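One file, work14.cif, is given below (mmCIF, C-alpha atoms).
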data_target
#
loop_
_atom_site.group_PDB
_atom_site.id
_atom_site.type_symbol
_atom_site.label_atom_id
_atom_site.label_comp_id
_atom_site.auth_asym_id
_atom_site.auth_seq_id
_atom_site.Cartn_x
_atom_site.Cartn_y
_atom_site.Cartn_z
ATOM 1 C CA MET H 1 -28.544 -9.287 13.300
ATOM 2 C CA SER H 2 -25.756 -9.865 15.802
ATOM 3 C CA HIS H 3 -24.009 -7.043 17.630
ATOM 4 C CA THR H 4 -20.773 -7.958 15.809
ATOM 5 C CA GLN H 5 -22.436 -7.445 12.424
ATOM 6 C CA THR H 6 -23.856 -4.121 13.600
ATOM 7 C CA LYS H 7 -20.391 -2.968 14.685
ATOM 8 C CA GLU H 8 -18.925 -4.042 11.319
ATOM 9 C CA LEU H 9 -21.628 -2.115 9.458
ATOM 10 C CA ASP H 10 -20.830 0.992 11.508
ATOM 11 C CA ARG H 11 -17.093 0.854 10.706
ATOM 12 C CA ILE H 12 -15.882 3.998 8.929
ATOM 13 C CA GLN H 13 -12.264 4.201 7.843
ATOM 14 C CA LEU H 14 -11.264 7.773 8.535
ATOM 15 C CA GLY H 15 -7.747 9.124 8.193
ATOM 16 C CA SER H 16 -4.491 8.540 6.377
ATOM 17 C CA MET H 17 -1.925 5.732 6.285
ATOM 18 C CA ASP H 18 1.708 5.329 7.226
ATOM 19 C CA PHE H 19 3.845 3.663 4.548
ATOM 20 C CA TYR H 20 6.829 1.373 5.024
ATOM 21 C CA VAL H 21 9.057 0.161 2.200
ATOM 22 C CA ILE H 22 11.751 -2.517 2.526
ATOM 23 C CA GLU H 23 13.647 -4.589 0.004
ATOM 24 C CA PHE H 24 11.753 -7.825 -0.663
ATOM 25 C CA THR H 25 13.823 -10.937 0.003
ATOM 26 C CA GLY H 26 11.165 -13.552 -0.738
ATOM 27 C CA THR H 27 9.437 -13.653 2.637
ATOM 28 C CA ILE H 28 7.177 -11.262 4.528
ATOM 29 C CA PRO H 29 8.613 -10.309 7.931
ATOM 30 C CA GLU H 30 6.529 -9.854 11.065
ATOM 31 C CA ASP H 31 4.612 -6.579 11.441
ATOM 32 C CA SER H 32 6.991 -5.448 14.192
ATOM 33 C CA VAL H 33 9.960 -5.847 11.836
ATOM 34 C CA ILE H 34 8.335 -3.987 8.922
ATOM 35 C CA GLU H 35 6.648 -1.186 10.835
ATOM 36 C CA THR H 36 9.662 0.635 12.254
ATOM 37 C CA GLU H 37 10.716 4.250 11.838
ATOM 38 C CA LYS H 38 13.779 3.271 9.759
ATOM 39 C CA ASN H 39 11.488 1.564 7.215
ATOM 40 C CA MET H 40 8.998 4.439 7.019
ATOM 41 C CA ILE H 41 9.526 5.969 3.611
ATOM 42 C CA GLY H 42 8.391 9.410 4.763
ATOM 43 C CA ARG H 43 5.463 11.193 6.344
ATOM 44 C CA THR H 44 2.338 10.879 4.242
ATOM 45 C CA LYS H 45 0.609 13.853 2.643
ATOM 46 C CA ASN H 46 -2.770 13.686 0.874
ATOM 47 C CA GLY H 47 -3.291 10.074 1.974
ATOM 48 C CA GLY H 48 -2.855 6.894 0.023
ATOM 49 C CA THR H 49 -4.756 5.120 -2.741
ATOM 50 C CA ILE H 50 -5.021 1.380 -3.296
ATOM 51 C CA ILE H 51 -6.322 0.330 -6.713
ATOM 52 C CA TYR H 52 -7.249 -3.131 -7.994
ATOM 53 C CA THR H 53 -8.529 -3.563 -11.544
ATOM 54 C CA ALA H 54 -9.680 -6.643 -13.416
ATOM 55 C CA ASN H 55 -9.733 -7.191 -17.186
ATOM 56 C CA TRP H 56 -12.489 -9.386 -18.569
ATOM 57 C CA HIS H 57 -13.026 -10.785 -22.050
ATOM 58 C CA LEU H 58 -16.666 -10.876 -23.091
ATOM 59 C CA ALA H 59 -17.677 -13.521 -25.632
ATOM 60 C CA GLU H 60 -21.126 -12.771 -27.008
ATOM 61 C CA SER H 61 -23.331 -14.181 -29.741
ATOM 62 C CA ASP H 62 -24.476 -11.846 -32.484
ATOM 63 C CA ASP H 63 -28.040 -11.843 -31.165
ATOM 64 C CA GLY H 64 -26.877 -11.120 -27.597
ATOM 65 C CA LYS H 65 -28.614 -14.181 -26.158
ATOM 66 C CA ALA H 66 -25.436 -16.029 -25.230
ATOM 67 C CA LYS H 67 -22.700 -14.379 -23.184
ATOM 68 C CA LYS H 68 -19.685 -15.570 -21.279
ATOM 69 C CA ARG H 69 -17.010 -13.654 -19.413
ATOM 70 C CA LYS H 70 -13.503 -14.758 -18.581
ATOM 71 C CA LEU H 71 -10.957 -13.003 -16.384
ATOM 72 C CA THR H 72 -7.909 -12.301 -18.559
ATOM 73 C CA GLY H 73 -5.757 -10.080 -16.385
ATOM 74 C CA GLU H 74 -5.543 -7.979 -13.250
ATOM 75 C CA THR H 75 -3.447 -5.182 -11.804
ATOM 76 C CA ALA H 76 -3.006 -3.637 -8.384
ATOM 77 C CA SER H 77 -1.152 -0.564 -7.174
ATOM 78 C CA ILE H 78 -0.456 1.435 -4.038
ATOM 79 C CA GLY H 79 0.095 5.175 -4.389
ATOM 80 C CA TYR H 80 0.664 7.951 -1.872
ATOM 81 C CA GLY H 81 2.335 11.295 -1.332
ATOM 82 C CA ASN H 82 5.427 12.011 0.774
ATOM 83 C CA ILE H 83 5.913 15.359 2.477
ATOM 84 C CA THR H 84 9.213 14.371 4.150
ATOM 85 C CA TRP H 85 11.798 12.839 1.866
ATOM 86 C CA ASN H 86 15.471 12.877 0.886
ATOM 87 C CA GLY H 87 17.933 11.106 -1.394
ATOM 88 C CA ASN H 88 17.565 7.841 0.492
ATOM 89 C CA THR H 89 13.812 7.981 -0.161
ATOM 90 C CA ILE H 90 14.486 8.446 -3.862
ATOM 91 C CA ALA H 91 16.776 5.409 -3.842
ATOM 92 C CA ARG H 92 13.788 3.219 -2.899
ATOM 93 C CA LEU H 93 11.604 4.847 -5.542
ATOM 94 C CA VAL H 94 13.897 4.987 -8.561
ATOM 95 C CA ALA H 95 15.539 1.796 -9.853
ATOM 96 C CA THR H 96 18.545 3.685 -11.236
ATOM 97 C CA ALA H 97 19.207 5.904 -8.188
ATOM 98 C CA ARG H 98 22.585 5.704 -6.440
ATOM 99 C CA VAL H 99 23.268 7.515 -3.175
ATOM 100 C CA SER H 100 26.624 8.504 -1.719
ATOM 101 C CA GLU H 101 27.617 10.705 1.211
ATOM 102 C CA LYS H 102 30.820 12.687 1.551
ATOM 103 C CA ASP H 103 31.870 15.798 3.452
ATOM 104 C CA GLY H 104 28.413 16.289 4.967
ATOM 105 C CA LYS H 105 26.637 16.079 1.609
ATOM 106 C CA ARG H 106 24.328 13.412 0.196
ATOM 107 C CA ILE H 107 24.466 13.027 -3.574
ATOM 108 C CA THR H 108 21.799 11.061 -5.421
ATOM 109 C CA LYS H 109 22.508 10.160 -9.032
ATOM 110 C CA ILE H 110 19.468 9.220 -11.090
ATOM 111 C CA GLY H 111 19.362 7.652 -14.523
ATOM 112 C CA GLY H 112 21.163 5.329 -16.876
ATOM 113 C CA ILE H 113 19.124 2.198 -17.548
ATOM 114 C CA THR H 114 22.231 0.057 -17.057
ATOM 115 C CA ASN H 115 22.092 1.188 -13.419
ATOM 116 C CA ASP H 116 18.736 -0.570 -12.849
ATOM 117 C CA ASN H 117 19.229 -2.320 -9.516
ATOM 118 C CA GLY H 118 16.566 -4.972 -10.240
ATOM 119 C CA LYS H 119 15.210 -4.728 -6.694
ATOM 120 C CA ARG H 120 11.638 -5.405 -5.689
ATOM 121 C CA TYR H 121 10.172 -3.830 -2.578
ATOM 122 C CA LEU H 122 7.627 -4.898 -0.020
ATOM 123 C CA ILE H 123 5.300 -1.982 0.607
ATOM 124 C CA ARG H 124 3.057 -1.843 3.660
ATOM 125 C CA GLY H 125 0.387 0.770 4.306
ATOM 126 C CA VAL H 126 -1.020 0.953 7.843
ATOM 127 C CA HIS H 127 -4.216 2.789 8.749
ATOM 128 C CA ARG H 128 -4.373 3.026 12.531
ATOM 129 C CA ASP H 129 -7.734 3.272 14.267
ATOM 130 C CA ALA H 130 -8.047 2.703 18.011
ATOM 131 C CA THR H 131 -11.857 2.560 17.753
ATOM 132 C CA ASP H 132 -12.565 0.410 14.712
ATOM 133 C CA GLY H 133 -9.309 -1.514 14.382
ATOM 134 C CA ASP H 134 -6.205 -1.179 12.233
ATOM 135 C CA VAL H 135 -5.981 -1.960 8.523
ATOM 136 C CA ARG H 136 -2.841 -3.174 6.744
ATOM 137 C CA ILE H 137 -2.300 -3.299 2.983
ATOM 138 C CA THR H 138 0.740 -5.253 1.762
ATOM 139 C CA GLY H 139 2.174 -5.846 -1.695
ATOM 140 C CA VAL H 140 5.428 -6.364 -3.582
ATOM 141 C CA GLY H 141 6.514 -4.321 -6.576
ATOM 142 C CA VAL H 142 8.327 -1.276 -7.857
ATOM 143 C CA ASN H 143 7.508 2.384 -8.204
ATOM 144 C CA THR H 144 6.548 2.850 -11.839
ATOM 145 C CA GLY H 145 5.390 6.436 -11.371
ATOM 146 C CA GLY H 146 8.874 7.921 -11.630
ATOM 147 C CA TRP H 147 9.859 10.819 -9.431
ATOM 148 C CA GLU H 148 8.740 14.434 -9.561
ATOM 149 C CA ALA H 149 9.372 17.236 -7.087
ATOM 150 C CA ALA H 150 7.779 20.656 -7.557
ATOM 151 C CA TYR H 151 9.168 23.665 -5.701
ATOM 152 C CA ALA H 152 6.953 26.717 -5.335
ATOM 153 C CA PRO H 153 6.844 29.778 -3.063
ATOM 154 C CA ASP H 154 5.075 29.178 0.256
ATOM 155 C CA LYS H 155 4.201 25.583 -0.650
ATOM 156 C CA GLU H 156 5.628 22.303 0.548
ATOM 157 C CA SER H 157 7.293 19.996 -1.965
ATOM 158 C CA ILE H 158 5.413 16.699 -2.100
ATOM 159 C CA ILE H 159 6.518 13.698 -4.123
ATOM 160 C CA ASN H 160 3.952 11.169 -5.325
ATOM 161 C CA GLN H 161 4.681 7.590 -6.205
ATOM 162 C CA SER H 162 2.772 4.561 -7.399
ATOM 163 C CA PHE H 163 3.986 1.041 -6.731
ATOM 164 C CA GLU H 164 2.707 -1.423 -9.321
ATOM 165 C CA LEU H 165 2.293 -4.717 -7.512
ATOM 166 C CA GLU H 166 3.495 -8.094 -8.747
ATOM 167 C CA PRO H 167 2.247 -11.591 -7.805
ATOM 168 C CA LYS H 168 5.171 -12.315 -5.491
ATOM 169 C CA LEU H 169 3.515 -12.482 -2.053
ATOM 170 C CA ASP H 170 2.923 -16.236 -2.317
ATOM 171 C CA ASN H 171 2.652 -19.100 -4.790
ATOM 172 C CA ASP H 172 -1.038 -18.374 -5.463
ATOM 173 C CA GLY H 173 -0.467 -15.232 -7.551
ATOM 174 C CA THR H 174 -1.673 -12.866 -4.821
ATOM 175 C CA LEU H 175 -1.141 -9.210 -5.743
ATOM 176 C CA LEU H 176 -2.007 -7.638 -2.395
ATOM 177 C CA THR H 177 -3.365 -8.466 1.018
ATOM 178 C CA TYR H 178 -5.934 -6.423 2.892
ATOM 179 C CA GLU H 179 -5.802 -7.211 6.595
ATOM 180 C CA GLU H 180 -8.251 -5.753 9.085
ATOM 181 C CA GLU H 181 -8.953 -6.322 12.738
ATOM 182 C CA VAL H 182 -12.278 -8.038 13.371
ATOM 183 C CA ILE H 183 -14.484 -5.959 15.620
ATOM 184 C CA GLU H 184 -15.615 -8.137 18.498
ATOM 185 C CA PRO H 185 -18.654 -7.267 20.605
ATOM 186 C CA THR H 186 -17.861 -5.847 24.041
ATOM 187 C CA SER H 187 -18.823 -7.823 27.158
ATOM 188 C CA PHE H 188 -21.772 -5.403 27.598
ATOM 189 C CA ASP H 189 -22.987 -6.183 24.065
ATOM 190 C CA SER H 190 -22.569 -9.910 24.634
ATOM 191 C CA ALA H 191 -24.663 -9.724 27.791
ATOM 192 C CA ASP H 192 -27.381 -7.861 25.890
ATOM 193 C CA ASN H 193 -27.310 -10.485 23.161
ATOM 194 C CA THR H 194 -27.864 -13.388 25.556
ATOM 195 C CA GLU H 195 -30.918 -11.737 27.081
ATOM 196 C CA ASP H 196 -32.671 -11.502 23.681
#
The structure in this file should be written as structure tokens.
Amino acid sequence: MSHTQTKELDRIQLGSMDFYVIEFTGTIPEDSVIETEKNMIGRTKNGGTIIYTANWHLAESDDGKAKKRKLTGETASIGYGNITWNGNTIARLVATARVSEKDGKRITKIGGITNDNGKRYLIRGVHRDATDGDVRITGVGVNTGGWEAAYAPDKESIINQSFELEPKLDNDGTLLTYEEEVIEPTSFDSADNTED
């Protein structure tokens, strides 16, 4: 087994993600354009969850001796919690939200299906790890989880959202991309490997 494989097998993803949400215009910008403070949708609380599910149809003979499976559908989603948020955050989460500012106040109106803005958003989750390399999850979709904010004594108000992803990243029907840095062996490891 090579040193690179050993390093990959030792990789543990530990920690949360930062999330960036921008309006999707049909192309995916460079990482440096997406991953800016103005595009961060809020500070994350309780981490993030990426889910991919596949639906299969099973055709089977009555005696169980002949079986065949066919992929009939798939879904993917990205969900996370925000501990820092405001009306502008809600505007990216709720299709009917409208934000205005006047006299030092921000007013967010929510509701009215005729106010659906029809926008799709590119969502990027970044897990940063100086030791084992960064991970980036990217998809395009809308928040289908609605919006809920609970206020309680001595407890922070966290909003949770779930973006259902659509096959808009490319012409191949891709729902999401999972990008990770490949762990290369250090020069010390490479020297050890050549002596073997």
Compile the contact shell of range 107-121 of chain H as a VMD selection string: residues with an atom at most 7 Å away, counting all atoms listed in the file, same-chain residues fewer than 4 positions apart removed. chain H and resid 21 to 24 87 95 to 101 140 to 142
Run the PyMOL selection byres ((chain H and resi 50-58) around 6) mentally over the shown coordinates, then write out the matched residues as a ChimeraX atom specification, using the chain letters and numbers from the document. /H:49,59,68-78
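Distances here use all atoms listed in the file; by that measure, the residue among H:Asn82, H:Ser61, H:Gln13, H:Thr36 closest to Ile158 in chain H is H:Asn82.
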If you count all atoms listed in the file, the residue of H:Arg11, H:Lys67, H:Ile123, H:Tyr178 closest to Glu166 in chain H turns out to be H:Ile123
A straight line from CA of Pro167 in chain H to CA of Gly139 in chain H spans 8.4 Å
May I have the protein, DNA and RNA residues with an atom at most 12 Å from (6.4, -1.3, 13.7), counting all atoms listed in the file in the file's coordinates, returned as a PyMOL selection string? chain H and resi 18-21+29-40+124-126+128+136
As JSON, please: the centre and edge lengths in Å, to one decimal, of an axis-aligned box enclosing every listed atom of range 19-36 of chain H with 4 Å added on each side.
{"center_x": 8.8, "center_y": -5.0, "center_z": 6.7, "size_x": 18.0, "size_y": 25.3, "size_z": 22.9}
Please evaluate the PyMOL selection byres ((chain H and resi 130) around 12) against the structure above and give the resulting residues as a ChimeraX atom specification. /H:11,13-15,127-129,131-135,181,183
If I take CA of Asp10 in chain H and CA of Leu175 in chain H, how far is one from the other in Å, to one decimal? 28.1 Å
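CA of Trp85 in chain H is positioned 15.1 Å from CA of Asn143 in chain H.
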Could you write out as a short mmCIF file (atom, residue, chain, number, x, y, z; two decimals) with C-alpha atoms, in the frame of the given file the residues that the PyMOL selection byres ((chain H and resi 145) around 9) matches in the shown file?
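What follows is the written file part_8.cif:
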data_model
loop_
_atom_site.label_atom_id
_atom_site.label_comp_id
_atom_site.auth_asym_id
_atom_site.auth_seq_id
_atom_site.Cartn_x
_atom_site.Cartn_y
_atom_site.Cartn_z
CA GLY H 79 0.10 5.18 -4.39
CA LEU H 93 11.60 4.85 -5.54
CA VAL H 142 8.33 -1.28 -7.86
CA ASN H 143 7.51 2.38 -8.20
CA THR H 144 6.55 2.85 -11.84
CA GLY H 146 8.87 7.92 -11.63
CA TRP H 147 9.86 10.82 -9.43
CA GLU H 148 8.74 14.43 -9.56
CA ASN H 160 3.95 11.17 -5.32
CA GLN H 161 4.68 7.59 -6.20
CA SER H 162 2.77 4.56 -7.40
CA PHE H 163 3.99 1.04 -6.73
CA GLU H 164 2.71 -1.42 -9.32
#
Please rebuild range 46-57 of chain H with all heavy atoms and return the result as a PDB file, keeping the file's coordinate frame.
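And here is the file that came out, selection.pdb:
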ATOM      1  N   ASN H  46      -1.653  13.929   1.796  1.00  0.00           N
ATOM      2  CA  ASN H  46      -2.770  13.686   0.874  1.00  0.00           C
ATOM      3  C   ASN H  46      -3.173  12.217   0.818  1.00  0.00           C
ATOM      4  O   ASN H  46      -3.799  11.775  -0.139  1.00  0.00           O
ATOM      5  CB  ASN H  46      -2.461  14.204  -0.541  1.00  0.00           C
ATOM      6  CG  ASN H  46      -2.214  15.697  -0.552  1.00  0.00           C
ATOM      7  OD1 ASN H  46      -2.795  16.430   0.235  1.00  0.00           O
ATOM      8  ND2 ASN H  46      -1.330  16.147  -1.425  1.00  0.00           N
ATOM      9  N   GLY H  47      -2.823  11.443   1.843  1.00  0.00           N
ATOM     10  CA  GLY H  47      -3.291  10.074   1.974  1.00  0.00           C
ATOM     11  C   GLY H  47      -2.709   9.108   0.969  1.00  0.00           C
ATOM     12  O   GLY H  47      -1.742   9.406   0.268  1.00  0.00           O
ATOM     13  N   GLY H  48      -3.300   7.942   0.929  1.00  0.00           N
ATOM     14  CA  GLY H  48      -2.855   6.894   0.023  1.00  0.00           C
ATOM     15  C   GLY H  48      -4.030   6.336  -0.755  1.00  0.00           C
ATOM     16  O   GLY H  48      -5.181   6.458  -0.356  1.00  0.00           O
ATOM     17  N   THR H  49      -3.724   5.708  -1.882  1.00  0.00           N
ATOM     18  CA  THR H  49      -4.756   5.120  -2.741  1.00  0.00           C
ATOM     19  C   THR H  49      -4.338   3.712  -3.126  1.00  0.00           C
ATOM     20  O   THR H  49      -3.225   3.495  -3.604  1.00  0.00           O
ATOM     21  CB  THR H  49      -4.949   5.953  -4.020  1.00  0.00           C
ATOM     22  OG1 THR H  49      -5.275   7.299  -3.651  1.00  0.00           O
ATOM     23  CG2 THR H  49      -6.070   5.381  -4.878  1.00  0.00           C
ATOM     24  N   ILE H  50      -5.244   2.766  -2.899  1.00  0.00           N
ATOM     25  CA  ILE H  50      -5.021   1.380  -3.296  1.00  0.00           C
ATOM     26  C   ILE H  50      -5.996   1.093  -4.427  1.00  0.00           C
ATOM     27  O   ILE H  50      -7.200   1.341  -4.312  1.00  0.00           O
ATOM     28  CB  ILE H  50      -5.242   0.409  -2.117  1.00  0.00           C
ATOM     29  CG1 ILE H  50      -4.154   0.589  -1.049  1.00  0.00           C
ATOM     30  CG2 ILE H  50      -5.216  -1.031  -2.596  1.00  0.00           C
ATOM     31  CD1 ILE H  50      -4.407   1.648  -0.075  1.00  0.00           C
ATOM     32  N   ILE H  51      -5.473   0.581  -5.544  1.00  0.00           N
ATOM     33  CA  ILE H  51      -6.322   0.330  -6.713  1.00  0.00           C
ATOM     34  C   ILE H  51      -6.142  -1.116  -7.168  1.00  0.00           C
ATOM     35  O   ILE H  51      -5.015  -1.592  -7.321  1.00  0.00           O
ATOM     36  CB  ILE H  51      -5.954   1.274  -7.878  1.00  0.00           C
ATOM     37  CG1 ILE H  51      -6.160   2.735  -7.467  1.00  0.00           C
ATOM     38  CG2 ILE H  51      -6.775   0.941  -9.123  1.00  0.00           C
ATOM     39  CD1 ILE H  51      -5.658   3.730  -8.487  1.00  0.00           C
ATOM     40  N   TYR H  52      -7.249  -1.808  -7.371  1.00  0.00           N
ATOM     41  CA  TYR H  52      -7.249  -3.131  -7.994  1.00  0.00           C
ATOM     42  C   TYR H  52      -8.170  -3.064  -9.207  1.00  0.00           C
ATOM     43  O   TYR H  52      -9.292  -2.564  -9.110  1.00  0.00           O
ATOM     44  CB  TYR H  52      -7.755  -4.213  -7.028  1.00  0.00           C
ATOM     45  CG  TYR H  52      -7.997  -5.526  -7.733  1.00  0.00           C
ATOM     46  CD1 TYR H  52      -6.961  -6.416  -7.952  1.00  0.00           C
ATOM     47  CD2 TYR H  52      -9.250  -5.846  -8.242  1.00  0.00           C
ATOM     48  CE1 TYR H  52      -7.166  -7.606  -8.636  1.00  0.00           C
ATOM     49  CE2 TYR H  52      -9.477  -7.026  -8.926  1.00  0.00           C
ATOM     50  CZ  TYR H  52      -8.429  -7.904  -9.115  1.00  0.00           C
ATOM     51  OH  TYR H  52      -8.632  -9.071  -9.808  1.00  0.00           O
ATOM     52  N   THR H  53      -7.689  -3.532 -10.343  1.00  0.00           N
ATOM     53  CA  THR H  53      -8.529  -3.563 -11.544  1.00  0.00           C
ATOM     54  C   THR H  53      -8.468  -4.952 -12.166  1.00  0.00           C
ATOM     55  O   THR H  53      -7.437  -5.632 -12.110  1.00  0.00           O
ATOM     56  CB  THR H  53      -8.080  -2.528 -12.598  1.00  0.00           C
ATOM     57  OG1 THR H  53      -6.711  -2.763 -12.943  1.00  0.00           O
ATOM     58  CG2 THR H  53      -8.217  -1.115 -12.066  1.00  0.00           C
ATOM     59  N   ALA H  54      -9.586  -5.350 -12.748  1.00  0.00           N
ATOM     60  CA  ALA H  54      -9.680  -6.643 -13.416  1.00  0.00           C
ATOM     61  C   ALA H  54     -10.030  -6.433 -14.880  1.00  0.00           C
ATOM     62  O   ALA H  54     -10.815  -5.548 -15.221  1.00  0.00           O
ATOM     63  CB  ALA H  54     -10.749  -7.512 -12.736  1.00  0.00           C
ATOM     64  N   ASN H  55      -9.438  -7.231 -15.757  1.00  0.00           N
ATOM     65  CA  ASN H  55      -9.733  -7.191 -17.186  1.00  0.00           C
ATOM     66  C   ASN H  55     -10.501  -8.456 -17.550  1.00  0.00           C
ATOM     67  O   ASN H  55     -10.068  -9.568 -17.239  1.00  0.00           O
ATOM     68  CB  ASN H  55      -8.444  -7.120 -18.009  1.00  0.00           C
ATOM     69  CG  ASN H  55      -7.643  -5.885 -17.690  1.00  0.00           C
ATOM     70  OD1 ASN H  55      -8.190  -4.800 -17.535  1.00  0.00           O
ATOM     71  ND2 ASN H  55      -6.336  -6.043 -17.550  1.00  0.00           N
ATOM     72  N   TRP H  56     -11.631  -8.265 -18.195  1.00  0.00           N
ATOM     73  CA  TRP H  56     -12.489  -9.386 -18.569  1.00  0.00           C
ATOM     74  C   TRP H  56     -12.679  -9.419 -20.085  1.00  0.00           C
ATOM     75  O   TRP H  56     -12.849  -8.384 -20.722  1.00  0.00           O
ATOM     76  CB  TRP H  56     -13.861  -9.250 -17.910  1.00  0.00           C
ATOM     77  CG  TRP H  56     -13.826  -9.381 -16.427  1.00  0.00           C
ATOM     78  CD1 TRP H  56     -13.548  -8.411 -15.518  1.00  0.00           C
ATOM     79  CD2 TRP H  56     -14.060 -10.569 -15.676  1.00  0.00           C
ATOM     80  NE1 TRP H  56     -13.605  -8.906 -14.245  1.00  0.00           N
ATOM     81  CE2 TRP H  56     -13.918 -10.234 -14.306  1.00  0.00           C
ATOM     82  CE3 TRP H  56     -14.386 -11.892 -16.018  1.00  0.00           C
ATOM     83  CZ2 TRP H  56     -14.091 -11.175 -13.291  1.00  0.00           C
ATOM     84  CZ3 TRP H  56     -14.563 -12.821 -15.008  1.00  0.00           C
ATOM     85  CH2 TRP H  56     -14.407 -12.458 -13.662  1.00  0.00           C
ATOM     86  N   HIS H  57     -12.671 -10.605 -20.640  1.00  0.00           N
ATOM     87  CA  HIS H  57     -13.026 -10.785 -22.050  1.00  0.00           C
ATOM     88  C   HIS H  57     -14.481 -11.215 -22.099  1.00  0.00           C
ATOM     89  O   HIS H  57     -14.899 -12.138 -21.391  1.00  0.00           O
ATOM     90  CB  HIS H  57     -12.147 -11.846 -22.710  1.00  0.00           C
ATOM     91  CG  HIS H  57     -12.604 -12.192 -24.095  1.00  0.00           C
ATOM     92  ND1 HIS H  57     -12.449 -11.336 -25.161  1.00  0.00           N
ATOM     93  CD2 HIS H  57     -13.260 -13.277 -24.576  1.00  0.00           C
ATOM     94  CE1 HIS H  57     -12.958 -11.878 -26.242  1.00  0.00           C
ATOM     95  NE2 HIS H  57     -13.458 -13.063 -25.918  1.00  0.00           N
TER      96      HIS H  57
END
